[in-house]
Amino acid sequence: MAPTIKRIIAAAGTTALIAGVVMVGAPAARADGDYYGTWTLAAIKADGQKVKCEESEGLCPGGQTLALKTNYRYAASAYLARILMLTDKGDGKGSFATPVFPGTQQQVLVLEDDAGGIVPLGSAWQMVLKDKRSGSPTKLVLSLQTGFGEYTLVLRRDAQ
Amino acid sequence: MTSTRTRLISAAAATAVIASSTLFAAPAAQADGGYYGTWTLTAVKAGEIKQKCDGLPQEEDKCRAGMTLALKANYRYVSTIKGLEIILLPGKGDFVTTTMAGTASHVIVFNTDDYPTFLRVWKVTLKGTRYGAPSKMVLTGSFGENPEDPSDDAPIKLVFRRDAK
């Protein structure tokens with residue numbers, strides 16, 4: 001397990017496996033393109049505990065971004081890249097895709113890192129876009145059950 | 001070696017180290033539907049370590065024979081594969097395939113019914129298509145670099161044969 005996630009798990013005080021996962025409702029499919037843009041990591045939730053990403057450094061530093069480009073390329077800040085891929089390998093750049101499960105309409109963000117490739121445990125996150133009242137969504141929520149706990153990354157569009 | 005890798009490799013009882021593992025060609029994008037059917041796991045490879053799946057049912061420390069992954073036309077899957085729970089949970093669920101626009105990598109994403117965000121994704125390569133449907137499927141992934149041992153950058157491969165016995 002990557003040290004980053006280890007620290008998050010330790011901070012959240014969780015040792016439980018996947019026995020008591022909070023059920024997350026299946027998101028509705030979104031029109032292609034709503035997710036384009038630069039998103040800033042605002043918070044990480046792990047097993048019911050939330051850590052805001054607003055410090056200059058520490059457990060979750062502020063200013064970590066994920067850019068999803070129209071040419072299906074992504075770029076993530078170093079810290080966020082390590083969390084997304086659950087590994088220390090990779091340069092935070094690569095290709096992405098957003099398939100939708102035909103049965104559940106659950107949308108997935110799949111990341112293929114230029115250096116690390118596909119990581120079975122960390123390359124696919126459930127993706128939900130929220131707060132679309134005034135046009136483009138302003139909130140992107142990524143969730144993944146790692147087997148060591150469920151992690152939710154809350155990102156805001158161009159948040160500062 | 002990371003704990004995840006340690007458990008995976010020990011679960012698969014990958015004790016045999018092969019000096020020269022077979023290299024697989026880079027995957028080509030496959031036409032949708034070539035992966036449908038029931039696939040039998042024949043081998044698990046983690047780096048230079050290979051474990052054939054020919055163990056007896058009572059041999060819990062080995063990769064057992066007869067474990068299958070069924071991919072259905074309605075995008076549902078059923079897996080009887082045990083010992084790799086952290087990267088492929090046994091049971092039923094949904095799957096979807098897509099091709100990465102930038103790299104043309106063909107990937108398959110699994111989502112178990114039991115836990116809605118237990119998503120696992122693999123690069124998929126189909127082979128043996130000369131006489132119709134592919135007869136071999138290889139799921140490939142990486143654990144990334146182990147910061148405690150940079151040389152330990154083990155890719156993992158799950159090798160399947162269609163309806164192999």
# chains A, B, ... in the order shown; residues from 1 in each chain; ligands from 1
>>> interface_residues(of="chain B", to="chain A", cutoff="9 Å", atoms="only C-alpha atoms", output="ChimeraX atom specification")
/B:2-5,74-76,85-88,94-103,105,107,109,111,115-123,140-147
>>> write_last_selection(atoms="C-alpha atoms", output="short mmCIF file (atom, residue, chain, number, x, y, z; two decimals), in the first residue's frame")
data_model
loop_
_atom_site.label_atom_id
_atom_site.label_comp_id
_atom_site.auth_asym_id
_atom_site.auth_seq_id
_atom_site.Cartn_x
_atom_site.Cartn_y
_atom_site.Cartn_z
CA THR B 2 4.19 -3.77 -0.36
CA SER B 3 1.69 -5.53 1.82
CA THR B 4 -0.81 -5.66 -1.01
CA ARG B 5 1.64 -7.39 -3.27
CA ASN B 74 -25.61 -8.24 -20.86
CA TYR B 75 -22.46 -6.79 -19.29
CA ARG B 76 -22.72 -8.97 -16.23
CA GLU B 85 -9.79 -10.81 -3.72
CA ILE B 86 -8.16 -7.40 -3.46
CA ILE B 87 -7.86 -7.04 -7.23
CA LEU B 88 -10.72 -9.21 -8.48
CA ASP B 94 -21.19 -5.49 -13.78
CA PHE B 95 -18.44 -4.91 -16.26
CA VAL B 96 -17.76 -2.46 -19.02
CA THR B 97 -15.03 -2.24 -21.61
CA THR B 98 -13.57 0.80 -23.24
CA THR B 99 -10.58 1.86 -25.28
CA MET B 100 -8.33 4.59 -23.98
CA ALA B 101 -8.38 7.32 -26.58
CA GLY B 102 -4.76 8.29 -26.15
CA THR B 103 -3.10 4.89 -26.05
CA SER B 105 -5.32 0.34 -24.63
CA VAL B 107 -9.51 -2.01 -20.68
CA VAL B 109 -13.67 -2.44 -15.51
CA ASN B 111 -17.76 -3.61 -10.26
CA TYR B 115 -19.77 -3.07 -2.83
CA PRO B 116 -20.76 -0.36 -5.29
CA THR B 117 -17.39 1.35 -5.45
CA PHE B 118 -15.21 -1.76 -5.51
CA LEU B 119 -13.96 -0.93 -8.98
CA ARG B 120 -11.09 -2.81 -10.51
CA VAL B 121 -9.68 -2.23 -13.96
CA TRP B 122 -7.39 -4.28 -16.18
CA LYS B 123 -5.84 -3.95 -19.57
CA THR B 140 -2.61 -7.06 -17.27
CA GLY B 141 -1.96 -4.46 -14.62
CA SER B 142 0.76 -2.97 -12.50
CA PHE B 143 1.19 -2.40 -8.82
CA GLY B 144 3.49 0.49 -9.47
CA GLU B 145 6.83 0.98 -7.92
CA ASN B 146 7.54 -0.21 -4.42
CA PRO B 147 9.26 2.76 -2.76
#
>>> residues_around(residues="Gly63 (chain A)", least_positions_apart="2", cutoff="7 Å", atoms="only C-alpha atoms", output="count of residues only")
5
>>> residues_around(residues="Leu140 (chain A)", least_positions_apart="5", cutoff="9 Å", atoms="only C-alpha atoms", output="list of chain:residue names")
A:Tyr35, A:Trp39, A:Met127, A:Val128, A:Leu129, A:Lys130, A:Asp131, A:Leu153, A:Val154, A:Leu155, A:Arg156, A:Arg157
